[in-house]
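All remarks here apply to the structure that follows.
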Amino acid sequence: KILNLSNMNTSKKVVSKIQPCGLVAVSKKGYTQKKLHIYDQGQKNSISGIRATIFGATGYIGQYVGQEIGAIGSQLIYPFRSQTKRPAWYTFDLKLTGDLGYSHLIPYFDFSKDEAIERAIADSNVVINLIGTNDGYNDNETHHHANVTLARKIAKIAKKKDVIRYIHFSAAGADPQSPSKFLRTKWLGEQVTRDEFPEATIMRPCTIYQGRLEDRMFKFHQWNNYLWLVDDGQAKRQPIHVSDVGKCVLNALKLEESAGQTYELGGPVVHSLHEIYEMTLAKAELIPKIVSVPFWFYHNIMNMMPHGDTFSLEHALYEKTDLVVGKDAKTCEDLYIKPASWAHNLKYNVKWYRPTHYGPQTLQDELK
């Protein structure tokens, strides 16, 4: 699925096979623009020409984005905050995304200091912002700080340091009129990013699966032996595999015309939340017990509770919103990626959640 630029035959103007150098100045549309040169024919121990600083990589998709970029021999820098005396366990996988000496961790990173951000991206030609909040927070201040304030600060410093390519991650459904604080602040984050770095590429992924979505689902089912869904889970989802998101990022860096564009990343099939939960539990050989909860009831109960990873008012608002690719939006296909469907990967995603934890015992079980 990864875009091979050297063998590609397309009418679109794309970056051809080049030498592993840094950057050159090319004339485009009447002004001079720096161009990223990428050598994508090598392995981890080669030199791709990319030196990327990835903020927010300790989140869900950071490892997969770094893995795709590091597989062609890129240098990766991961600034992150750590609350322990040594880097947390979820940063160990980041070290393996690049070859020996190619991935660098910066623990105890202070995002409040501009000097720290400047040092992190001083020699980088690519900056990727994955910072964001989850739907467990109800207060607007937390969402605004992560999705707007930090987004503006990083984009401004990246422009000041002459970064060639900047990729900002937003979310599908980002809208200024959304009842969800998360989606409202994600839309604001897009605007401030465009103001500070007009050539930024914005990614709007839909629901991402392979790990987090399934964990939440089965954790709740294990506690209660049933699942709650707001308004019977009629909200629409277009799930995309997390590795496909990483491939989209790599191809966006290779394609010069992706600069300044917004891409909405979603899978090939649209499902309702009810369908996703029912299919997943059935494939895991569990009885799908789903309880529909009216939104007004869920709203009143969650409004009196503190934030949490499984239950919150923000989670209820998020579950009530359709998260699908827009009709006229640029999609994965514009980045030459054909994403895998939810149903195609389902048997592998739920393999370890079955009552028999150790996977299928016979060939007949594997073929189910």
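Chain lettering (A, B, ...) mirrors the order of the structure tokens, residue numbering begins at 1 for each chain separately, and ligand numbering begins at 1 in order of display.
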
Could you give me, as JSON lines, a per-residue list for range 259-352 of chain A showing, wherever an atom lies at most 8 Å from an atom of range 176-185 of chain A, the closest pair of atoms and their distance in Å to one decimal, using only C-alpha atoms and sorting by chain then residue number from low to high?
{"residue": "A:Glu314", "atom": "CA", "partner": "A:Ser180", "partner_atom": "CA", "distance": 6.2}
{"residue": "A:Leu317", "atom": "CA", "partner": "A:Ser180", "partner_atom": "CA", "distance": 5.7}
{"residue": "A:Tyr318", "atom": "CA", "partner": "A:Ser180", "partner_atom": "CA", "distance": 6.3}

- Close residues, range 113-124 of chain A itself excluded, 7 Å, only C-alpha atoms, min 3 positions apart in chain, as a ChimeraX atom specification: /A:51-53,110,157,161,163

Output all heavy atoms for every residue in that selection, as a PDB file, in the first residue's frame.
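Just written: result.pdb:
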ATOM      1  N   ARG A  51      13.975  14.211   8.647  1.00  0.00           N
ATOM      2  CA  ARG A  51      14.241  14.318  10.083  1.00  0.00           C
ATOM      3  C   ARG A  51      12.981  14.909  10.697  1.00  0.00           C
ATOM      4  O   ARG A  51      12.717  16.102  10.558  1.00  0.00           O
ATOM      5  CB  ARG A  51      15.453  15.195  10.360  1.00  0.00           C
ATOM      6  CG  ARG A  51      15.809  15.311  11.848  1.00  0.00           C
ATOM      7  CD  ARG A  51      17.027  16.198  12.064  1.00  0.00           C
ATOM      8  NE  ARG A  51      17.259  16.448  13.473  1.00  0.00           N
ATOM      9  CZ  ARG A  51      18.004  15.682  14.260  1.00  0.00           C
ATOM     10  NH1 ARG A  51      18.585  14.605  13.758  1.00  0.00           N
ATOM     11  NH2 ARG A  51      18.177  15.992  15.533  1.00  0.00           N
ATOM     12  N   ALA A  52      12.202  14.062  11.345  1.00  0.00           N
ATOM     13  CA  ALA A  52      10.853  14.446  11.787  1.00  0.00           C
ATOM     14  C   ALA A  52      10.786  14.542  13.300  1.00  0.00           C
ATOM     15  O   ALA A  52      11.259  13.646  14.010  1.00  0.00           O
ATOM     16  CB  ALA A  52       9.825  13.443  11.282  1.00  0.00           C
ATOM     17  N   THR A  53      10.187  15.621  13.783  1.00  0.00           N
ATOM     18  CA  THR A  53       9.844  15.763  15.192  1.00  0.00           C
ATOM     19  C   THR A  53       8.352  15.490  15.324  1.00  0.00           C
ATOM     20  O   THR A  53       7.541  16.172  14.677  1.00  0.00           O
ATOM     21  CB  THR A  53      10.168  17.165  15.712  1.00  0.00           C
ATOM     22  OG1 THR A  53      11.572  17.404  15.563  1.00  0.00           O
ATOM     23  CG2 THR A  53       9.800  17.294  17.177  1.00  0.00           C
ATOM     24  N   ASP A 110       8.777  20.065  28.506  1.00  0.00           N
ATOM     25  CA  ASP A 110       7.933  21.148  29.017  1.00  0.00           C
ATOM     26  C   ASP A 110       7.354  21.925  27.836  1.00  0.00           C
ATOM     27  O   ASP A 110       8.049  22.736  27.217  1.00  0.00           O
ATOM     28  CB  ASP A 110       8.738  22.062  29.928  1.00  0.00           C
ATOM     29  CG  ASP A 110       7.857  23.067  30.662  1.00  0.00           C
ATOM     30  OD1 ASP A 110       6.641  23.106  30.374  1.00  0.00           O
ATOM     31  OD2 ASP A 110       8.382  23.809  31.513  1.00  0.00           O
ATOM     32  N   ILE A 157       6.180  28.141  15.829  1.00  0.00           N
ATOM     33  CA  ILE A 157       7.616  27.896  15.958  1.00  0.00           C
ATOM     34  C   ILE A 157       8.140  27.106  14.761  1.00  0.00           C
ATOM     35  O   ILE A 157       9.261  27.345  14.286  1.00  0.00           O
ATOM     36  CB  ILE A 157       7.899  27.168  17.283  1.00  0.00           C
ATOM     37  CG1 ILE A 157       7.536  28.076  18.467  1.00  0.00           C
ATOM     38  CG2 ILE A 157       9.360  26.758  17.375  1.00  0.00           C
ATOM     39  CD1 ILE A 157       7.686  27.429  19.821  1.00  0.00           C
ATOM     40  N   LYS A 161      11.192  28.281  12.309  1.00  0.00           N
ATOM     41  CA  LYS A 161      12.380  27.469  12.098  1.00  0.00           C
ATOM     42  C   LYS A 161      12.497  26.946  10.673  1.00  0.00           C
ATOM     43  O   LYS A 161      13.336  26.084  10.383  1.00  0.00           O
ATOM     44  CB  LYS A 161      12.383  26.287  13.069  1.00  0.00           C
ATOM     45  CG  LYS A 161      12.627  26.684  14.515  1.00  0.00           C
ATOM     46  CD  LYS A 161      14.023  27.266  14.696  1.00  0.00           C
ATOM     47  CE  LYS A 161      14.313  27.592  16.128  1.00  0.00           C
ATOM     48  NZ  LYS A 161      15.678  28.137  16.302  1.00  0.00           N
ATOM     49  N   VAL A 163      10.601  24.973   8.850  1.00  0.00           N
ATOM     50  CA  VAL A 163      10.256  23.566   8.617  1.00  0.00           C
ATOM     51  C   VAL A 163       9.592  23.442   7.247  1.00  0.00           C
ATOM     52  O   VAL A 163       8.734  24.256   6.882  1.00  0.00           O
ATOM     53  CB  VAL A 163       9.326  23.055   9.735  1.00  0.00           C
ATOM     54  CG1 VAL A 163       8.776  21.681   9.397  1.00  0.00           C
ATOM     55  CG2 VAL A 163      10.081  23.011  11.060  1.00  0.00           C
TER      56      VAL A 163
END

- Message: Which of range 34-271 of chain A end up as strand (DSSP E) when DSSP is run on this backbone - answer as a ChimeraX atom specification?
- Response: /A:34-36,51-55,75-79,103-106,126-129,165-169,201-205,208-209,227-230,236-237,240-241,262-265,271

- Name the residues in contact with Ser74 in chain A at a cut-off of 7 Å, using only C-alpha atoms, excluding same-chain residues fewer than 2 positions from it; report them as a list in words.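 In the requested form, the answer reads Ile47, Ser48, Gly49, Ile50, Arg51, Ile69, Gly70, Ile72, Leu76 and Tyr102 of chain A.
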
Please write the residues from the selection above to a file, keeping all heavy atoms, as a short mmCIF file (atom, residue, chain, number, x, y, z; two decimals), in the first residue's frame.
data_model
loop_
_atom_site.label_atom_id
_atom_site.label_comp_id
_atom_site.auth_asym_id
_atom_site.auth_seq_id
_atom_site.Cartn_x
_atom_site.Cartn_y
_atom_site.Cartn_z
N ILE A 47 19.28 6.36 4.54
CA ILE A 47 19.05 7.78 4.82
C ILE A 47 17.96 8.27 3.89
O ILE A 47 18.16 8.40 2.69
CB ILE A 47 20.34 8.60 4.62
CG1 ILE A 47 21.45 8.10 5.53
CG2 ILE A 47 20.07 10.08 4.90
CD1 ILE A 47 22.77 8.80 5.33
N SER A 48 16.79 8.55 4.44
CA SER A 48 15.65 8.96 3.61
C SER A 48 15.64 10.44 3.31
O SER A 48 14.98 10.89 2.37
CB SER A 48 14.34 8.58 4.31
OG SER A 48 14.15 9.38 5.46
N GLY A 49 16.35 11.23 4.11
CA GLY A 49 16.28 12.68 3.96
C GLY A 49 15.27 13.33 4.87
O GLY A 49 15.13 14.55 4.88
N ILE A 50 14.54 12.54 5.66
CA ILE A 50 13.53 13.06 6.59
C ILE A 50 14.11 13.08 8.00
O ILE A 50 14.68 12.10 8.47
CB ILE A 50 12.25 12.21 6.57
CG1 ILE A 50 11.57 12.27 5.20
CG2 ILE A 50 11.28 12.66 7.65
CD1 ILE A 50 10.35 11.39 5.10
N ARG A 51 13.98 14.21 8.65
CA ARG A 51 14.24 14.32 10.08
C ARG A 51 12.98 14.91 10.70
O ARG A 51 12.72 16.10 10.56
CB ARG A 51 15.45 15.19 10.36
CG ARG A 51 15.81 15.31 11.85
CD ARG A 51 17.03 16.20 12.06
NE ARG A 51 17.26 16.45 13.47
CZ ARG A 51 18.00 15.68 14.26
NH1 ARG A 51 18.58 14.61 13.76
NH2 ARG A 51 18.18 15.99 15.53
N ILE A 69 7.26 6.04 8.85
CA ILE A 69 8.29 7.00 8.43
C ILE A 69 9.68 6.44 8.69
O ILE A 69 10.60 6.60 7.89
CB ILE A 69 8.09 8.34 9.15
CG1 ILE A 69 6.72 8.93 8.83
CG2 ILE A 69 9.18 9.33 8.76
CD1 ILE A 69 6.40 10.19 9.57
N GLY A 70 9.85 5.76 9.83
CA GLY A 70 11.16 5.22 10.16
C GLY A 70 11.57 4.03 9.33
O GLY A 70 12.76 3.71 9.25
N ILE A 72 11.83 3.70 6.22
CA ILE A 72 12.63 4.05 5.04
C ILE A 72 13.93 4.74 5.44
O ILE A 72 14.63 5.28 4.58
CB ILE A 72 11.83 4.93 4.07
CG1 ILE A 72 11.40 6.24 4.74
CG2 ILE A 72 10.63 4.19 3.52
CD1 ILE A 72 10.73 7.21 3.79
N LEU A 76 13.94 10.24 13.77
CA LEU A 76 12.71 10.56 14.47
C LEU A 76 13.02 11.11 15.86
O LEU A 76 13.86 10.57 16.57
CB LEU A 76 11.83 9.31 14.59
CG LEU A 76 11.50 8.59 13.28
CD1 LEU A 76 10.84 7.25 13.57
CD2 LEU A 76 10.63 9.45 12.39
N TYR A 102 18.58 6.23 15.27
CA TYR A 102 17.71 7.03 14.41
C TYR A 102 16.51 7.60 15.16
O TYR A 102 15.90 8.55 14.69
CB TYR A 102 17.22 6.19 13.24
CG TYR A 102 18.19 6.07 12.09
CD1 TYR A 102 19.47 5.54 12.27
CD2 TYR A 102 17.85 6.48 10.81
CE1 TYR A 102 20.36 5.43 11.23
CE2 TYR A 102 18.74 6.36 9.75
CZ TYR A 102 20.00 5.84 9.98
OH TYR A 102 20.88 5.72 8.93
#

List every residue of range 254-304 of chain A that has an atom at most 10 Å from any atom of range 349-353 of chain A, and for each one report the closest atom pair and its distance in Å to one decimal, counting only C-alpha atoms, with rows sorted by chain and then by increasing residue number, as a Markdown table.
| residue | atom | partner | partner_atom | distance |
| --- | --- | --- | --- | --- |
| A:Thr280 | CA | A:Val350 | CA | 7.2 |
| A:Leu281 | CA | A:Val350 | CA | 8.4 |
| A:Ala282 | CA | A:Val350 | CA | 9.8 |
| A:Lys283 | CA | A:Val350 | CA | 7.1 |
| A:Ala284 | CA | A:Val350 | CA | 5.6 |
| A:Glu285 | CA | A:Tyr353 | CA | 9.0 |
| A:Leu286 | CA | A:Tyr353 | CA | 9.3 |

Output C-alpha atoms for every residue in the selection just made, as a tab-separated table (two decimals), in the first residue's frame.
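part29.tsv, freshly written:
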chain	number	residue	atom	x	y	z
A	280	THR	CA	-17.38	-7.42	17.36
A	281	LEU	CA	-19.00	-9.25	20.26
A	282	ALA	CA	-20.35	-11.97	17.99
A	283	LYS	CA	-16.93	-12.53	16.42
A	284	ALA	CA	-15.43	-12.80	19.91
A	285	GLU	CA	-17.94	-15.56	20.68
A	286	LEU	CA	-19.70	-13.43	23.28

- Give the answer as one residue: which of A:Tyr78, A:Phe218, A:Tyr226, A:Tyr64 has the shortest atom-to-atom distance to Leu250 in chain A, using only C-alpha atoms?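 Of the candidates, the smallest distance to Leu250 in chain A is held by A:Tyr64.
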
- Nearest to Gln261 in chain A, chosen from A:Glu319, A:Ala343, A:Trp187, A:His168, with only C-alpha atoms counted in the distances: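 The shortest atom-to-atom distance to Gln261 in chain A comes from A:His168.
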
- Task: Enumerate as a PyMOL selection string all residues of range 117-280 of chain A assigned to alpha helix (DSSP H) by DSSP on the backbone, naming them with the chain letters and numbers the document uses.
- Result: chain A and resi 117-120+140-144+150-160+181-196+212-224+242-254+273-280

- Task: Pick out the residues sitting within 8 Å of Glu264 in chain A, and hand them over as a PyMOL selection string; count only C-alpha atoms, and ignore anything fewer than 5 positions along from it in its own chain.
- Result: chain A and resi 172+203-206+325-326+329-332

Keeping only all heavy atoms, write those residues as a JSON list (two decimals), in the first residue's frame.
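Writing done, so here's out09.json:
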[["chain", "number", "residue", "atom", "x", "y", "z"],
["A", 172, "ALA", "N", -12.26, 13.81, 12.42],
["A", 172, "ALA", "CA", -13.48, 13.82, 11.61],
["A", 172, "ALA", "C", -14.63, 14.36, 12.46],
["A", 172, "ALA", "O", -14.73, 14.05, 13.65],
["A", 172, "ALA", "CB", -13.81, 12.41, 11.12],
["A", 203, "MET", "N", -4.92, 16.41, 8.72],
["A", 203, "MET", "CA", -5.51, 15.08, 8.65],
["A", 203, "MET", "C", -6.71, 15.01, 9.58],
["A", 203, "MET", "O", -6.62, 15.39, 10.76],
["A", 203, "MET", "CB", -4.51, 14.00, 9.04],
["A", 203, "MET", "CG", -3.27, 13.93, 8.17],
["A", 203, "MET", "SD", -3.66, 13.32, 6.52],
["A", 203, "MET", "CE", -2.01, 13.20, 5.82],
["A", 204, "ARG", "N", -7.84, 14.52, 9.06],
["A", 204, "ARG", "CA", -9.05, 14.33, 9.86],
["A", 204, "ARG", "C", -9.42, 12.84, 9.87],
["A", 204, "ARG", "O", -10.23, 12.39, 9.07],
["A", 204, "ARG", "CB", -10.21, 15.13, 9.27],
["A", 204, "ARG", "CG", -10.16, 16.62, 9.51],
["A", 204, "ARG", "CD", -11.41, 17.25, 8.93],
["A", 204, "ARG", "NE", -11.63, 18.59, 9.41],
["A", 204, "ARG", "CZ", -12.75, 19.29, 9.20],
["A", 204, "ARG", "NH1", -13.74, 18.72, 8.50],
["A", 204, "ARG", "NH2", -12.88, 20.51, 9.66],
["A", 205, "PRO", "N", -8.83, 12.06, 10.76],
["A", 205, "PRO", "CA", -9.17, 10.62, 10.78],
["A", 205, "PRO", "C", -10.53, 10.37, 11.41],
["A", 205, "PRO", "O", -10.94, 11.06, 12.35],
["A", 205, "PRO", "CB", -8.05, 10.02, 11.64],
["A", 205, "PRO", "CG", -7.63, 11.14, 12.53],
["A", 205, "PRO", "CD", -7.80, 12.41, 11.74],
["A", 206, "CYS", "N", -11.22, 9.38, 10.87],
["A", 206, "CYS", "CA", -12.45, 8.91, 11.50],
["A", 206, "CYS", "C", -12.08, 7.97, 12.66],
["A", 206, "CYS", "O", -10.96, 7.98, 13.13],
["A", 206, "CYS", "CB", -13.32, 8.18, 10.46],
["A", 206, "CYS", "SG", -13.88, 9.24, 9.10],
["A", 325, "VAL", "N", -16.56, 10.44, 6.45],
["A", 325, "VAL", "CA", -15.87, 11.30, 5.49],
["A", 325, "VAL", "C", -16.89, 12.17, 4.77],
["A", 325, "VAL", "O", -17.97, 11.71, 4.38],
["A", 325, "VAL", "CB", -15.08, 10.44, 4.49],
["A", 325, "VAL", "CG1", -14.49, 11.30, 3.39],
["A", 325, "VAL", "CG2", -13.98, 9.67, 5.21],
["A", 326, "GLY", "N", -16.56, 13.44, 4.60],
["A", 326, "GLY", "CA", -17.45, 14.37, 3.89],
["A", 326, "GLY", "C", -17.59, 14.02, 2.42],
["A", 326, "GLY", "O", -16.74, 13.33, 1.83],
["A", 329, "ALA", "N", -14.78, 15.81, 0.25],
["A", 329, "ALA", "CA", -13.47, 15.91, 0.90],
["A", 329, "ALA", "C", -12.43, 15.05, 0.18],
["A", 329, "ALA", "O", -12.75, 14.07, -0.49],
["A", 329, "ALA", "CB", -13.59, 15.46, 2.36],
["A", 330, "LYS", "N", -11.18, 15.44, 0.34],
["A", 330, "LYS", "CA", -10.07, 14.61, -0.12],
["A", 330, "LYS", "C", -9.91, 13.44, 0.84],
["A", 330, "LYS", "O", -10.01, 13.62, 2.06],
["A", 330, "LYS", "CB", -8.78, 15.42, -0.21],
["A", 330, "LYS", "CG", -8.79, 16.47, -1.30],
["A", 330, "LYS", "CD", -7.46, 17.18, -1.36],
["A", 330, "LYS", "CE", -7.43, 18.21, -2.49],
["A", 330, "LYS", "NZ", -7.50, 17.58, -3.82],
["A", 331, "THR", "N", -9.67, 12.26, 0.31],
["A", 331, "THR", "CA", -9.68, 11.04, 1.12],
["A", 331, "THR", "C", -8.36, 10.28, 0.99],
["A", 331, "THR", "O", -7.39, 10.77, 0.39],
["A", 331, "THR", "CB", -10.84, 10.14, 0.69],
["A", 331, "THR", "OG1", -10.63, 9.71, -0.66],
["A", 331, "THR", "CG2", -12.17, 10.88, 0.78],
["A", 332, "CYS", "N", -8.35, 9.07, 1.54],
["A", 332, "CYS", "CA", -7.17, 8.21, 1.44],
["A", 332, "CYS", "C", -6.81, 7.91, -0.01],
["A", 332, "CYS", "O", -5.62, 7.75, -0.34],
["A", 332, "CYS", "CB", -7.42, 6.89, 2.18],
["A", 332, "CYS", "SG", -7.77, 7.04, 3.93]]

- Task: Find the residues near Gly59 in chain A: any atom within 12 Å, counting only C-alpha atoms, skip ones fewer than 4 places away on the same chain, and give them as a ChimeraX atom specification.
- Result: /A:54-55,63-66,78-81,90-91,93-94,129-134,212,242

Give me a file of those residues, with N, CA, C and O atoms, as a compact mmCIF listing (two decimals), in the first residue's frame.
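again.txt written:
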# COMPACT_ATOMS: atom_id res chain seq x y z
N ILE A 54 7.99 14.51 16.13
CA ILE A 54 6.60 14.09 16.27
C ILE A 54 6.14 14.40 17.69
O ILE A 54 6.59 13.76 18.65
N PHE A 55 5.24 15.35 17.82
CA PHE A 55 4.68 15.70 19.11
C PHE A 55 3.43 14.86 19.37
O PHE A 55 2.64 14.62 18.47
N GLN A 63 3.02 5.59 17.53
CA GLN A 63 3.92 4.49 17.20
C GLN A 63 3.79 4.09 15.73
O GLN A 63 4.78 3.80 15.07
N TYR A 64 2.56 4.07 15.20
CA TYR A 64 2.33 3.62 13.84
C TYR A 64 2.78 4.66 12.81
O TYR A 64 3.28 4.30 11.74
N VAL A 65 2.61 5.93 13.14
CA VAL A 65 3.11 6.98 12.25
C VAL A 65 4.63 6.93 12.19
O VAL A 65 5.24 6.98 11.11
N GLY A 66 5.27 6.82 13.36
CA GLY A 66 6.72 6.73 13.39
C GLY A 66 7.25 5.48 12.72
O GLY A 66 8.31 5.50 12.08
N TYR A 78 11.09 12.29 19.44
CA TYR A 78 9.84 12.17 20.17
C TYR A 78 9.91 12.95 21.49
O TYR A 78 10.41 12.44 22.48
N PRO A 79 9.43 14.19 21.53
CA PRO A 79 9.32 14.88 22.81
C PRO A 79 8.05 14.41 23.53
O PRO A 79 6.98 14.29 22.92
N PHE A 80 8.15 14.14 24.84
CA PHE A 80 6.96 13.70 25.58
C PHE A 80 7.13 14.04 27.05
O PHE A 80 8.25 14.18 27.56
N ARG A 81 6.01 14.18 27.73
CA ARG A 81 6.01 14.39 29.17
C ARG A 81 6.01 13.03 29.87
O ARG A 81 5.39 12.09 29.41
N TYR A 90 4.92 3.05 27.77
CA TYR A 90 4.36 3.24 26.44
C TYR A 90 5.29 3.99 25.50
O TYR A 90 4.94 4.25 24.35
N THR A 91 6.48 4.37 25.98
CA THR A 91 7.45 5.00 25.09
C THR A 91 8.49 4.01 24.57
O THR A 91 9.27 4.35 23.68
N ASP A 93 8.11 1.33 22.76
CA ASP A 93 7.88 0.97 21.37
C ASP A 93 8.33 2.06 20.41
O ASP A 93 8.65 1.78 19.25
N LEU A 94 8.35 3.31 20.86
CA LEU A 94 8.79 4.40 19.99
C LEU A 94 10.26 4.26 19.63
O LEU A 94 10.69 4.64 18.54
N ASN A 129 2.16 17.05 14.39
CA ASN A 129 1.49 17.34 15.66
C ASN A 129 0.34 16.35 15.85
O ASN A 129 -0.69 16.43 15.18
N LEU A 130 0.51 15.43 16.80
CA LEU A 130 -0.52 14.45 17.13
C LEU A 130 -1.18 14.75 18.46
O LEU A 130 -1.97 13.94 18.96
N ILE A 131 -0.88 15.91 19.05
CA ILE A 131 -1.37 16.22 20.39
C ILE A 131 -2.89 16.41 20.35
O ILE A 131 -3.43 17.07 19.46
N GLY A 132 -3.55 15.86 21.33
CA GLY A 132 -5.00 16.02 21.45
C GLY A 132 -5.49 15.41 22.75
O GLY A 132 -4.76 14.69 23.42
N THR A 133 -6.71 15.72 23.10
CA THR A 133 -7.33 15.16 24.29
C THR A 133 -8.22 13.99 23.90
O THR A 133 -8.60 13.84 22.73
N ASN A 134 -8.58 13.17 24.88
CA ASN A 134 -9.56 12.13 24.62
C ASN A 134 -10.93 12.59 25.10
O ASN A 134 -11.08 13.69 25.65
N ARG A 212 -7.40 0.31 20.72
CA ARG A 212 -8.08 1.17 21.69
C ARG A 212 -9.59 1.00 21.66
O ARG A 212 -10.24 0.91 22.70
N VAL A 242 -5.33 1.67 12.04
CA VAL A 242 -4.33 2.63 12.48
C VAL A 242 -3.10 2.60 11.58
O VAL A 242 -2.47 3.65 11.35
